[in-house]
Each structure stands twice: as C-alpha cells, then as structure tokens.
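Trainee: This is upload22.txt, which holds compact mmCIF, C-alpha atoms and all ligand atoms:
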# COMPACT_ATOMS: atom_id res chain seq x y z
CA MET A 1 -51.41 20.13 24.32
CA SER A 2 -51.70 17.03 22.17
CA ILE A 3 -48.45 15.92 20.56
CA LEU A 4 -48.42 13.22 17.91
CA THR A 5 -45.27 11.84 16.36
CA PHE A 6 -44.71 11.27 12.67
CA ALA A 7 -42.35 8.42 13.58
CA ASP A 8 -45.31 6.04 13.71
CA TYR A 9 -46.72 7.20 10.36
CA ASN A 10 -46.90 4.80 7.44
CA GLU A 11 -48.59 5.26 4.12
CA ALA A 12 -50.89 2.28 4.49
CA LEU A 13 -52.41 3.99 7.52
CA GLU A 14 -52.33 7.57 6.27
CA GLU A 15 -56.12 7.95 6.24
CA GLN A 16 -56.47 7.00 9.89
CA TRP A 17 -53.43 9.04 10.83
CA TRP A 18 -54.70 12.28 9.33
CA ALA A 19 -58.20 11.58 10.63
CA ARG A 20 -56.72 11.65 14.15
CA VAL A 21 -55.00 14.96 13.34
CA ALA A 22 -58.30 16.32 12.00
CA GLN A 23 -60.09 15.30 15.18
CA LEU A 24 -57.57 17.14 17.36
CA ILE A 25 -57.71 20.28 15.19
CA SER A 26 -61.46 20.21 15.45
CA ASN A 27 -61.59 19.58 19.22
CA GLU A 28 -58.63 21.63 20.42
CA GLY A 29 -58.05 24.14 17.63
CA PHE A 30 -54.54 22.92 16.92
CA VAL A 31 -52.26 19.91 16.93
CA VAL A 32 -48.51 19.42 17.25
CA VAL A 33 -46.75 16.71 15.23
CA ASP A 34 -43.17 15.95 16.22
CA ASP A 35 -40.57 14.51 13.81
CA PHE A 36 -42.56 15.58 10.77
CA LEU A 37 -39.17 16.16 9.14
CA ASN A 38 -36.02 14.33 10.14
CA SER A 39 -32.89 16.14 11.20
CA GLU A 40 -31.09 15.76 7.87
CA THR A 41 -34.04 17.22 5.93
CA ALA A 42 -34.34 20.07 8.44
CA ARG A 43 -30.62 20.79 8.11
CA LEU A 44 -30.83 20.95 4.31
CA LEU A 45 -33.82 23.28 4.52
CA ARG A 46 -31.99 25.55 6.99
CA ASN A 47 -29.10 25.66 4.53
CA GLU A 48 -31.52 26.51 1.76
CA ILE A 49 -32.85 29.45 3.77
CA ASP A 50 -29.31 30.61 4.59
CA ALA A 51 -28.41 30.40 0.89
CA LYS A 52 -31.45 32.52 0.00
CA ASP A 53 -30.41 35.00 2.66
CA ALA A 54 -26.90 35.17 1.17
CA GLU A 55 -28.41 35.71 -2.30
CA ASN A 56 -30.60 38.51 -0.94
CA GLU A 57 -33.76 36.56 -1.73
CA LEU A 58 -35.41 36.96 1.66
CA ARG A 59 -37.71 39.97 2.13
CA ARG A 60 -39.15 41.66 5.19
CA ALA A 61 -42.50 39.94 5.68
CA GLY A 62 -45.43 42.02 4.61
CA ILE A 63 -44.29 42.93 1.13
CA GLY A 64 -46.20 41.60 -1.86
CA LYS A 65 -49.15 39.52 -0.83
CA ASP A 66 -49.79 41.54 2.29
CA PHE A 67 -51.72 44.79 2.18
CA GLN A 68 -50.86 45.70 5.75
CA PHE A 69 -47.22 46.37 5.22
CA GLN A 70 -46.78 49.51 7.36
CA LYS A 71 -48.49 47.93 10.30
CA ASN A 72 -46.46 44.79 9.92
CA LEU A 73 -43.12 46.52 10.32
CA SER A 74 -43.76 47.14 14.02
CA GLN A 75 -45.69 43.91 14.45
CA ARG A 76 -43.22 41.42 13.07
CA GLY A 77 -39.53 41.13 12.26
CA ASP A 78 -39.31 38.01 10.15
CA PHE A 79 -37.82 37.64 6.67
CA ILE A 80 -39.50 35.39 4.12
CA ALA A 81 -39.26 33.88 0.64
CA TRP A 82 -42.44 32.54 -0.96
CA ILE A 83 -42.08 29.01 -2.31
CA GLU A 84 -42.94 28.49 -5.98
CA LYS A 85 -44.20 24.92 -5.88
CA GLN A 86 -43.01 24.14 -9.42
CA GLU A 87 -39.32 24.79 -8.83
CA VAL A 88 -38.14 23.40 -5.54
CA SER A 89 -35.37 21.32 -4.00
CA ASN A 90 -35.97 17.66 -3.15
CA GLU A 91 -36.42 18.48 0.55
CA THR A 92 -38.92 21.22 -0.15
CA GLU A 93 -40.75 18.89 -2.49
CA LEU A 94 -40.97 16.26 0.23
CA PHE A 95 -42.48 18.83 2.59
CA ILE A 96 -44.92 20.09 -0.04
CA ASN A 97 -46.03 16.56 -0.93
CA ARG A 98 -46.66 15.77 2.73
CA MET A 99 -48.70 18.94 3.15
CA GLU A 100 -50.70 18.10 0.02
CA THR A 101 -51.62 14.72 1.47
CA ALA A 102 -52.41 16.43 4.76
CA MET A 103 -54.66 18.95 3.04
CA LYS A 104 -56.53 16.32 1.06
CA LEU A 105 -57.18 14.09 4.07
CA LEU A 106 -57.97 16.92 6.50
CA ASN A 107 -60.48 18.18 3.97
CA ARG A 108 -62.09 14.78 3.75
CA ASN A 109 -62.53 14.72 7.51
CA LEU A 110 -63.32 18.34 8.28
CA PHE A 111 -65.20 19.53 5.15
CA LEU A 112 -63.29 22.80 5.14
CA GLY A 113 -63.40 23.34 1.38
CA LEU A 114 -59.59 23.48 1.20
CA LYS A 115 -58.37 24.02 -2.34
CA ASP A 116 -54.73 25.01 -2.21
CA PHE A 117 -51.98 26.20 0.11
CA GLU A 118 -49.43 28.98 0.06
CA THR A 119 -46.14 28.63 1.87
CA HIS A 120 -42.88 30.46 2.53
CA PHE A 121 -39.47 29.99 4.08
CA THR A 122 -39.09 32.07 7.21
CA HIS A 123 -36.14 33.43 9.15
CA TYR A 124 -36.46 35.40 12.37
CA PRO A 125 -33.06 36.99 13.08
CA PRO A 126 -32.02 37.39 16.74
CA GLY A 127 -34.02 40.14 18.43
CA THR A 128 -37.20 39.66 16.35
CA PHE A 129 -40.74 38.53 17.22
CA TYR A 130 -44.28 38.55 15.84
CA LYS A 131 -46.86 40.21 18.07
CA ARG A 132 -50.23 38.69 18.88
CA HIS A 133 -52.40 38.34 15.76
CA ALA A 134 -54.68 36.00 13.81
CA ASP A 135 -53.88 34.79 10.28
CA ARG A 136 -57.46 34.92 9.04
CA PHE A 137 -58.96 38.40 8.93
CA HIS A 138 -61.00 40.50 6.53
CA GLU A 139 -58.16 41.19 4.09
CA ASN A 140 -57.16 37.58 4.23
CA ALA A 141 -60.37 35.63 4.59
CA HIS A 142 -59.22 32.57 2.66
CA ARG A 143 -56.75 31.25 5.19
CA VAL A 144 -58.42 28.35 6.98
CA LEU A 145 -55.59 26.34 8.57
CA SER A 146 -52.12 27.67 9.36
CA PHE A 147 -49.09 25.43 9.59
CA VAL A 148 -45.51 25.98 10.72
CA CYS A 149 -42.71 23.46 10.54
CA TYR A 150 -39.67 24.38 12.65
CA LEU A 151 -36.10 23.76 11.54
CA ASN A 152 -34.09 24.69 14.66
CA GLN A 153 -31.48 22.25 15.82
CA GLY A 154 -30.86 21.98 19.57
CA TRP A 155 -33.35 24.71 20.47
CA LEU A 156 -33.49 25.51 24.20
CA PRO A 157 -36.22 27.31 26.18
CA GLU A 158 -33.77 30.15 26.95
CA ASP A 159 -33.37 30.77 23.20
CA GLY A 160 -36.91 32.23 23.24
CA GLY A 161 -38.91 32.27 20.02
CA GLN A 162 -41.77 30.25 21.51
CA LEU A 163 -45.11 30.24 19.73
CA LEU A 164 -47.98 31.10 22.07
CA VAL A 165 -51.42 29.94 20.95
CA TYR A 166 -54.47 31.52 22.57
CA ASN A 167 -57.60 29.40 22.56
CA ASN A 168 -60.56 30.40 24.75
CA ASP A 169 -58.98 31.03 28.15
CA GLU A 170 -55.98 28.84 27.56
CA THR A 171 -52.51 29.81 26.38
CA THR A 172 -50.29 27.06 25.05
CA VAL A 173 -46.53 27.45 24.72
CA VAL A 174 -44.96 25.65 21.77
CA GLU A 175 -41.17 25.38 21.53
CA PRO A 176 -39.94 25.74 17.89
CA ILE A 177 -37.92 22.54 17.92
CA GLU A 178 -36.43 20.86 14.88
CA GLY A 179 -38.82 18.78 12.79
CA ARG A 180 -41.92 19.85 14.72
CA LEU A 181 -45.07 20.78 12.80
CA ILE A 182 -48.01 22.69 14.24
CA ILE A 183 -51.32 23.02 12.42
CA PHE A 184 -53.90 25.43 13.86
CA GLN A 185 -57.16 27.08 12.93
CA SER A 186 -56.17 30.35 11.26
CA GLN A 187 -58.65 32.43 13.24
CA LEU A 188 -56.90 31.59 16.53
CA GLU A 189 -54.75 34.37 17.96
CA HIS A 190 -51.09 33.55 18.45
CA GLU A 191 -47.71 35.24 18.77
CA VAL A 192 -44.00 34.55 18.45
CA LEU A 193 -41.94 35.61 21.46
CA LEU A 194 -38.64 37.41 21.01
CA THR A 195 -35.99 35.06 19.75
CA THR A 196 -32.36 35.37 20.82
CA LYS A 197 -31.11 33.07 18.05
CA SER A 198 -31.83 32.72 14.34
CA ARG A 199 -35.18 30.93 14.13
CA TYR A 200 -35.99 29.01 10.94
CA SER A 201 -39.27 27.55 9.70
CA ILE A 202 -41.51 26.84 6.76
CA THR A 203 -44.83 28.58 7.28
CA GLY A 204 -47.99 28.21 5.27
CA TRP A 205 -51.76 28.37 5.00
CA MET A 206 -54.36 26.00 3.61
CA LEU A 207 -56.83 28.08 1.64
CA ASP A 208 -60.45 27.79 0.60
CA GLN A 209 -59.45 29.48 -2.66
CA LEU A 210 -56.71 28.88 -5.24
CA GLU A 211 -53.44 30.53 -4.26
CA GLY A 212 -53.45 33.17 -7.03
CA LEU A 213 -57.05 34.16 -6.29
CA THR A 214 -56.93 35.04 -2.60
CA PHE A 215 -57.40 38.74 -3.30
CA LEU A 216 -60.96 37.96 -4.48
C1 LIG A 301 -47.02 33.65 11.04
C2 LIG A 301 -46.85 33.08 12.40
C3 LIG A 301 -45.78 31.48 13.86
C4 LIG A 301 -44.45 30.83 14.10
O1 LIG A 301 -46.08 33.60 10.23
O2 LIG A 301 -48.14 34.15 10.75
O3 LIG A 301 -47.66 33.36 13.23
O4 LIG A 301 -44.34 30.09 15.09
N1 LIG A 301 -45.83 32.21 12.65
O5 LIG A 301 -43.52 31.06 13.34
MN MN A 302 -49.50 33.94 12.30
Translate the structure of the given file into structure tokens.
Mentor:
Amino acid sequence: MSILTFADYNEALEEQWWARVAQLISNEGFVVVDDFLNSETARLLRNEIDAKDAENELRRAGIGKDFQFQKNLSQRGDFIAWIEKQEVSNETELFINRMETAMKLLNRNLFLGLKDFETHFTHYPPGTFYKRHADRFHENAHRVLSFVCYLNQGWLPEDGGQLLVYNNDETTVVEPIEGRLIIFQSQLEHEVLLTTKSRYSITGWMLDQLEGLTFL
C-alpha cells in the first residue's frame, strides 16, 4: 500500500503533488494520504457530526439518493448527512476546497471526465459495518472515484472498523485513523469491518455528471 503524507504538500507544488496521487490511483487502484486534515480540524468535524446526531439530522444510509434501500439495511449500518456545499462550516469548507483542487488536478492527469462530487458526513455506531460492495454499479454509474477521510482520534487495530480494499488478488487493510484520506476507483470492491467504537468520516464520490443529475 502506498502512503503519501499531506505534511509535505505546498500550493506551489500542488500540480506535481496531485500528479503523483493520480499515478498511484491509476497503477494501484487507490492511494492513502495521511495527515490530509490536522487533528484540530478532525476534532471540529467530529463535533459537527455529533451535533448533527444530537439534532436528529443523521439518517440511516440508503434513504434519498439510494434506490437500494431495503438491501442496504442488512448490508450497512452507517448513519449519514449529505453536505450541502453552499452552507458549511469553515472546516467543512476547507475539506471541500481541497477535494475540489484534487478533482481538478486528478482530472487533468487521468482524463476521467470528472465534473462534480457528492459528499456526506458518516457515523458508524459501535456494532455496525458495511459488507463487501462496489460504489459504482448500474444504478449508480456516475461514481468514478470514491474518497473517505477518517476523523477517529487514537484509533487502535482492536477497535475494528478497518476498510478492506480488494484489488485483483490482493486485499489491503486500511486503518481508519484520524486525518487519513483514501481515494480509490469506485468500481473496486471494498468493505468496512465491524467497528467496536463510534467511527467517523467524510465520504464522497467524484462524478462524471453534475451532482443533481446522477439519476440520468
Ligand atoms: C461507503 C464506504 C468506506 C469507509 O460509504 O461506500 O465504502 O471506509 N465507506 O468508510
Ligand atoms: Mn463503498
């Protein structure tokens, strides 16, 4: 597994930096970027998810944009809130701006026809998981690259909640540690193992269609 670190990122070199990410996505199917968000930003985003939870703004995943709701109930146990890009906190805006740059520069390198991304806050309560699946399938053909940024402070292997990514004959185990971003090709199968602690992330998809038009 290739792990880059955002600690050595600077704007003057952003083209080269994202070109390296693009190369890894193309060669290996996915890339892990550590320290994409610092600990303070991750903490504020965790608080934001907890606040949404307290306000009853998180929904069982599968409602709304997803036509496979019944199936999803046994497949996955996460709770989500879609992010409206126009009305966000400073921390969410920082994340969205970084992903916009990422999308633009990955597109330039990979010619994926990326036009937009959709993203949501995610909370897996203790005892939940997401069984093996792919994010790009016939009902959802516009998802090209998936990304997940983890917000879990002090996560330990025994806490579970690992992401497994299946590529050819290889299975890669990714720990959902604070500040870590993974970007992977949406057709790759993957799963989230049972978590024993609350597991927080921002999850999203870069699309080859505008966000509101993905049902077309
Ligand atoms: C998803 C998903 C992976 C993760 O939301 O589709 O596979 O590590 N998430 O949270
Ligand atoms: Mn997925």
Trainee: Leaving out Arg59 in chain A and any residue of its chain fewer than 3 positions from it, which residues lie within 7 Å of it when counting all atoms listed in the file, given as a list in words?
Mentor: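 Close residues of Arg59 in chain A: Phe79, Ile80 and Ala81 of chain A.
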Trainee: So that I have them on file, write out the residues from the current selection with C-alpha atoms, as a short mmCIF file (atom, residue, chain, number, x, y, z; two decimals), keeping the file's coordinate frame.
Mentor:
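Writing done, so here's selection-v4.cif:
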data_model
loop_
_atom_site.label_atom_id
_atom_site.label_comp_id
_atom_site.auth_asym_id
_atom_site.auth_seq_id
_atom_site.Cartn_x
_atom_site.Cartn_y
_atom_site.Cartn_z
CA PHE A 79 -37.82 37.64 6.67
CA ILE A 80 -39.50 35.39 4.12
CA ALA A 81 -39.26 33.88 0.64
#
Trainee: For Met103 in chain A, please output as JSON, numbers by chain all residues within 12 Å (counting all atoms listed in the file; exclusion window: fewer than 6 positions along the same chain).
Mentor: {"A": [15, 18, 19, 21, 22, 96, 97, 109, 110, 111, 112, 113, 114, 115, 116, 117, 118, 144, 145, 146, 147, 183, 204, 205, 206, 207, 208]}
Trainee: Restricting the calculation to only C-alpha atoms, which member of A:Ser201, A:Gln187, A:Gln16, A:Thr195 is positioned closest to Ala102 in chain A?
Mentor: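 Counting only C-alpha atoms, the residue closest to Ala102 in chain A is A:Gln16.
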Trainee: Residues near Arg20 in chain A, anyone? I mean within 12 Å using all atoms listed in the file, not counting same-chain ones fewer than 2 positions away, as JSON, numbers by chain.
Mentor: {"A": [2, 3, 4, 5, 9, 13, 14, 15, 16, 17, 18, 22, 23, 24, 25, 26, 27, 28, 30, 31, 32, 33, 102, 105, 106, 109, 110]}
Trainee: Could you check which residues have any atom within 6 Å of (-29.9, 38.1, 13.9), counting all atoms listed in the file with coordinates taken straight from the file, and then list them as a PyMOL selection string?
Mentor: chain A and resi 125-126+198
Trainee: Hey, which residues come within 8 Å of ligand MN 302 (chain A) if we count only C-alpha atoms and all ligand atoms? Could you give them as a list of chain:residue names?
Mentor: A:Tyr130, A:His133, A:Ala134, A:Asp135, A:Ser146, A:Ser186, A:Glu189, A:His190, A:Glu191
Trainee: Kindly list the centre and edge lengths in Å, rounded to one decimal, for the axis-aligned box that covers all listed atoms of ligand LIG 301 (chain A) plus 6 Å on each of its six sides, as JSON.
Mentor:
{"center_x": -45.8, "center_y": 32.1, "center_z": 12.7, "size_x": 16.6, "size_y": 16.1, "size_z": 16.9}
Trainee: How many Å separate CA of Leu210 in chain A from CA of Ile83 in chain A?
Mentor: 14.9 Å
Trainee: What is the distance, in Å and to one decimal place, between CA of Asp159 in chain A and CA of Leu194 in chain A?
Mentor: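 Atom-to-atom, CA of Asp159 in chain A to CA of Leu194 in chain A, that is 8.8 Å.
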Trainee: For ligand LIG 301 (chain A), which of A:Glu40, A:Glu87, A:Glu175, A:Asp35 is the closest residue, counting only C-alpha atoms and all ligand atoms?
Mentor: A:Glu175
Trainee: Hey, which of A:Val174, A:Leu163, A:Ala54, A:Leu213 ends up closest to ligand LIG 301 (chain A)? Count all atoms listed in the file.
Mentor: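 That would be A:Leu163, the residue with the smallest distance to ligand LIG 301 (chain A).
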Trainee: So which residues are close to (-46.4, 37.0, 21.6), meaning at most 6 Å away in the file's coordinates with only C-alpha atoms counted, and can you show them as an NGL selection string?
Mentor: :A and (131-132 or 191-193)
Trainee: What is the distance, in Å and to one decimal place, between CA of Tyr124 in chain A and CA of Arg199 in chain A?
Mentor: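 Computed distance, CA of Tyr124 in chain A to CA of Arg199 in chain A, equals 5.0 Å.
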Trainee: Quick one: residues within 9 Å of Arg43 in chain A, all atoms listed in the file, excluding same-chain residues fewer than 4 positions away - as a PyMOL selection string?
Mentor: chain A and resi 38-39+47-48+151-153+178
Trainee: Next, dump the selected residues to file, keeping only C-alpha atoms, as a PDB file, in the coordinates of the input.
Mentor:
ATOM      1  CA  ASN A  38     -36.020  14.330  10.140  1.00  0.00           C
ATOM      2  CA  SER A  39     -32.890  16.140  11.200  1.00  0.00           C
ATOM      3  CA  ASN A  47     -29.100  25.660   4.530  1.00  0.00           C
ATOM      4  CA  GLU A  48     -31.520  26.510   1.760  1.00  0.00           C
ATOM      5  CA  LEU A 151     -36.100  23.760  11.540  1.00  0.00           C
ATOM      6  CA  ASN A 152     -34.090  24.690  14.660  1.00  0.00           C
ATOM      7  CA  GLN A 153     -31.480  22.250  15.820  1.00  0.00           C
ATOM      8  CA  GLU A 178     -36.430  20.860  14.880  1.00  0.00           C
TER       9      GLU A 178
END
Trainee: Point out the residue among A:Thr101, A:Glu57, A:Asp34, A:Asp50 with the least atom-to-atom distance to Pro176 in chain A, counting all atoms listed in the file.
Mentor: A:Asp34
Trainee: From the set A:Gly212, A:Gly127, A:Gly77, A:Pro157, which residue has the shortest atom-to-atom contact distance to ligand LIG 301 (chain A), counting only C-alpha atoms and all ligand atoms?
Mentor: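 Ranked by minimum distance to ligand LIG 301 (chain A), first place goes to A:Gly77.
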Trainee: Because the input lacks atoms here, generate all heavy atoms for range 28-39 of chain A and report them as a PDB file, keeping the file's coordinate frame.
Mentor:
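Contents of out.pdb, as written:
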ATOM      1  N   GLU A  28     -59.510  20.783  19.613  1.00  0.00           N
ATOM      2  CA  GLU A  28     -58.630  21.630  20.420  1.00  0.00           C
ATOM      3  C   GLU A  28     -58.159  22.883  19.686  1.00  0.00           C
ATOM      4  O   GLU A  28     -57.514  23.742  20.273  1.00  0.00           O
ATOM      5  CB  GLU A  28     -57.416  20.811  20.893  1.00  0.00           C
ATOM      6  CG  GLU A  28     -57.852  19.642  21.781  1.00  0.00           C
ATOM      7  CD  GLU A  28     -56.701  18.733  22.230  1.00  0.00           C
ATOM      8  OE1 GLU A  28     -55.539  19.173  22.206  1.00  0.00           O
ATOM      9  OE2 GLU A  28     -57.013  17.593  22.603  1.00  0.00           O
ATOM     10  N   GLY A  29     -58.435  22.957  18.397  1.00  0.00           N
ATOM     11  CA  GLY A  29     -58.050  24.140  17.630  1.00  0.00           C
ATOM     12  C   GLY A  29     -56.686  24.005  16.977  1.00  0.00           C
ATOM     13  O   GLY A  29     -56.372  24.701  16.021  1.00  0.00           O
ATOM     14  N   PHE A  30     -55.881  23.092  17.491  1.00  0.00           N
ATOM     15  CA  PHE A  30     -54.540  22.920  16.920  1.00  0.00           C
ATOM     16  C   PHE A  30     -53.988  21.552  17.302  1.00  0.00           C
ATOM     17  O   PHE A  30     -54.500  20.882  18.200  1.00  0.00           O
ATOM     18  CB  PHE A  30     -53.594  24.022  17.408  1.00  0.00           C
ATOM     19  CG  PHE A  30     -53.314  23.988  18.870  1.00  0.00           C
ATOM     20  CD1 PHE A  30     -52.200  23.343  19.365  1.00  0.00           C
ATOM     21  CD2 PHE A  30     -54.193  24.587  19.778  1.00  0.00           C
ATOM     22  CE1 PHE A  30     -51.945  23.288  20.724  1.00  0.00           C
ATOM     23  CE2 PHE A  30     -53.937  24.546  21.140  1.00  0.00           C
ATOM     24  CZ  PHE A  30     -52.817  23.893  21.613  1.00  0.00           C
ATOM     25  N   VAL A  31     -52.931  21.162  16.610  1.00  0.00           N
ATOM     26  CA  VAL A  31     -52.260  19.910  16.930  1.00  0.00           C
ATOM     27  C   VAL A  31     -50.767  20.066  16.644  1.00  0.00           C
ATOM     28  O   VAL A  31     -50.384  20.807  15.733  1.00  0.00           O
ATOM     29  CB  VAL A  31     -52.864  18.733  16.112  1.00  0.00           C
ATOM     30  CG1 VAL A  31     -52.659  18.928  14.621  1.00  0.00           C
ATOM     31  CG2 VAL A  31     -52.258  17.398  16.539  1.00  0.00           C
ATOM     32  N   VAL A  32     -49.956  19.401  17.443  1.00  0.00           N
ATOM     33  CA  VAL A  32     -48.510  19.420  17.250  1.00  0.00           C
ATOM     34  C   VAL A  32     -48.065  18.025  16.806  1.00  0.00           C
ATOM     35  O   VAL A  32     -48.475  17.030  17.398  1.00  0.00           O
ATOM     36  CB  VAL A  32     -47.791  19.828  18.558  1.00  0.00           C
ATOM     37  CG1 VAL A  32     -46.283  19.618  18.459  1.00  0.00           C
ATOM     38  CG2 VAL A  32     -48.111  21.283  18.903  1.00  0.00           C
ATOM     39  N   VAL A  33     -47.271  17.984  15.741  1.00  0.00           N
ATOM     40  CA  VAL A  33     -46.750  16.710  15.230  1.00  0.00           C
ATOM     41  C   VAL A  33     -45.223  16.763  15.279  1.00  0.00           C
ATOM     42  O   VAL A  33     -44.604  17.546  14.547  1.00  0.00           O
ATOM     43  CB  VAL A  33     -47.198  16.467  13.768  1.00  0.00           C
ATOM     44  CG1 VAL A  33     -46.607  15.159  13.241  1.00  0.00           C
ATOM     45  CG2 VAL A  33     -48.717  16.460  13.654  1.00  0.00           C
ATOM     46  N   ASP A  34     -44.629  15.961  16.139  1.00  0.00           N
ATOM     47  CA  ASP A  34     -43.170  15.950  16.220  1.00  0.00           C
ATOM     48  C   ASP A  34     -42.571  15.026  15.163  1.00  0.00           C
ATOM     49  O   ASP A  34     -43.227  14.104  14.692  1.00  0.00           O
ATOM     50  CB  ASP A  34     -42.712  15.561  17.626  1.00  0.00           C
ATOM     51  CG  ASP A  34     -42.727  16.774  18.555  1.00  0.00           C
ATOM     52  OD1 ASP A  34     -42.848  17.912  18.040  1.00  0.00           O
ATOM     53  OD2 ASP A  34     -42.638  16.587  19.774  1.00  0.00           O
ATOM     54  N   ASP A  35     -41.304  15.313  14.800  1.00  0.00           N
ATOM     55  CA  ASP A  35     -40.570  14.510  13.810  1.00  0.00           C
ATOM     56  C   ASP A  35     -41.258  14.445  12.454  1.00  0.00           C
ATOM     57  O   ASP A  35     -41.163  13.434  11.753  1.00  0.00           O
ATOM     58  CB  ASP A  35     -40.316  13.089  14.346  1.00  0.00           C
ATOM     59  CG  ASP A  35     -39.483  13.135  15.626  1.00  0.00           C
ATOM     60  OD1 ASP A  35     -38.465  13.840  15.624  1.00  0.00           O
ATOM     61  OD2 ASP A  35     -39.884  12.497  16.617  1.00  0.00           O
ATOM     62  N   PHE A  36     -41.930  15.525  12.096  1.00  0.00           N
ATOM     63  CA  PHE A  36     -42.560  15.580  10.770  1.00  0.00           C
ATOM     64  C   PHE A  36     -41.469  15.578   9.703  1.00  0.00           C
ATOM     65  O   PHE A  36     -41.636  15.005   8.633  1.00  0.00           O
ATOM     66  CB  PHE A  36     -43.441  16.825  10.675  1.00  0.00           C
ATOM     67  CG  PHE A  36     -44.301  16.859   9.442  1.00  0.00           C
ATOM     68  CD1 PHE A  36     -45.300  15.914   9.252  1.00  0.00           C
ATOM     69  CD2 PHE A  36     -44.123  17.830   8.468  1.00  0.00           C
ATOM     70  CE1 PHE A  36     -46.110  15.933   8.115  1.00  0.00           C
ATOM     71  CE2 PHE A  36     -44.924  17.864   7.325  1.00  0.00           C
ATOM     72  CZ  PHE A  36     -45.913  16.914   7.154  1.00  0.00           C
ATOM     73  N   LEU A  37     -40.349  16.237  10.006  1.00  0.00           N
ATOM     74  CA  LEU A  37     -39.170  16.160   9.140  1.00  0.00           C
ATOM     75  C   LEU A  37     -38.018  15.621   9.987  1.00  0.00           C
ATOM     76  O   LEU A  37     -37.912  15.944  11.172  1.00  0.00           O
ATOM     77  CB  LEU A  37     -38.792  17.544   8.605  1.00  0.00           C
ATOM     78  CG  LEU A  37     -39.811  18.219   7.686  1.00  0.00           C
ATOM     79  CD1 LEU A  37     -39.304  19.602   7.276  1.00  0.00           C
ATOM     80  CD2 LEU A  37     -40.096  17.374   6.441  1.00  0.00           C
ATOM     81  N   ASN A  38     -37.171  14.810   9.380  1.00  0.00           N
ATOM     82  CA  ASN A  38     -36.020  14.330  10.140  1.00  0.00           C
ATOM     83  C   ASN A  38     -34.931  15.403  10.149  1.00  0.00           C
ATOM     84  O   ASN A  38     -35.022  16.417   9.458  1.00  0.00           O
ATOM     85  CB  ASN A  38     -35.534  12.969   9.619  1.00  0.00           C
ATOM     86  CG  ASN A  38     -34.970  13.050   8.212  1.00  0.00           C
ATOM     87  OD1 ASN A  38     -34.416  14.088   7.800  1.00  0.00           O
ATOM     88  ND2 ASN A  38     -35.100  11.969   7.465  1.00  0.00           N
ATOM     89  N   SER A  39     -33.906  15.137  10.951  1.00  0.00           N
ATOM     90  CA  SER A  39     -32.890  16.140  11.200  1.00  0.00           C
ATOM     91  C   SER A  39     -32.091  16.504   9.946  1.00  0.00           C
ATOM     92  O   SER A  39     -31.732  17.668   9.738  1.00  0.00           O
ATOM     93  CB  SER A  39     -32.007  15.476  12.218  1.00  0.00           C
ATOM     94  OG  SER A  39     -31.334  16.064  12.930  1.00  0.00           O
TER      95      SER A  39
END
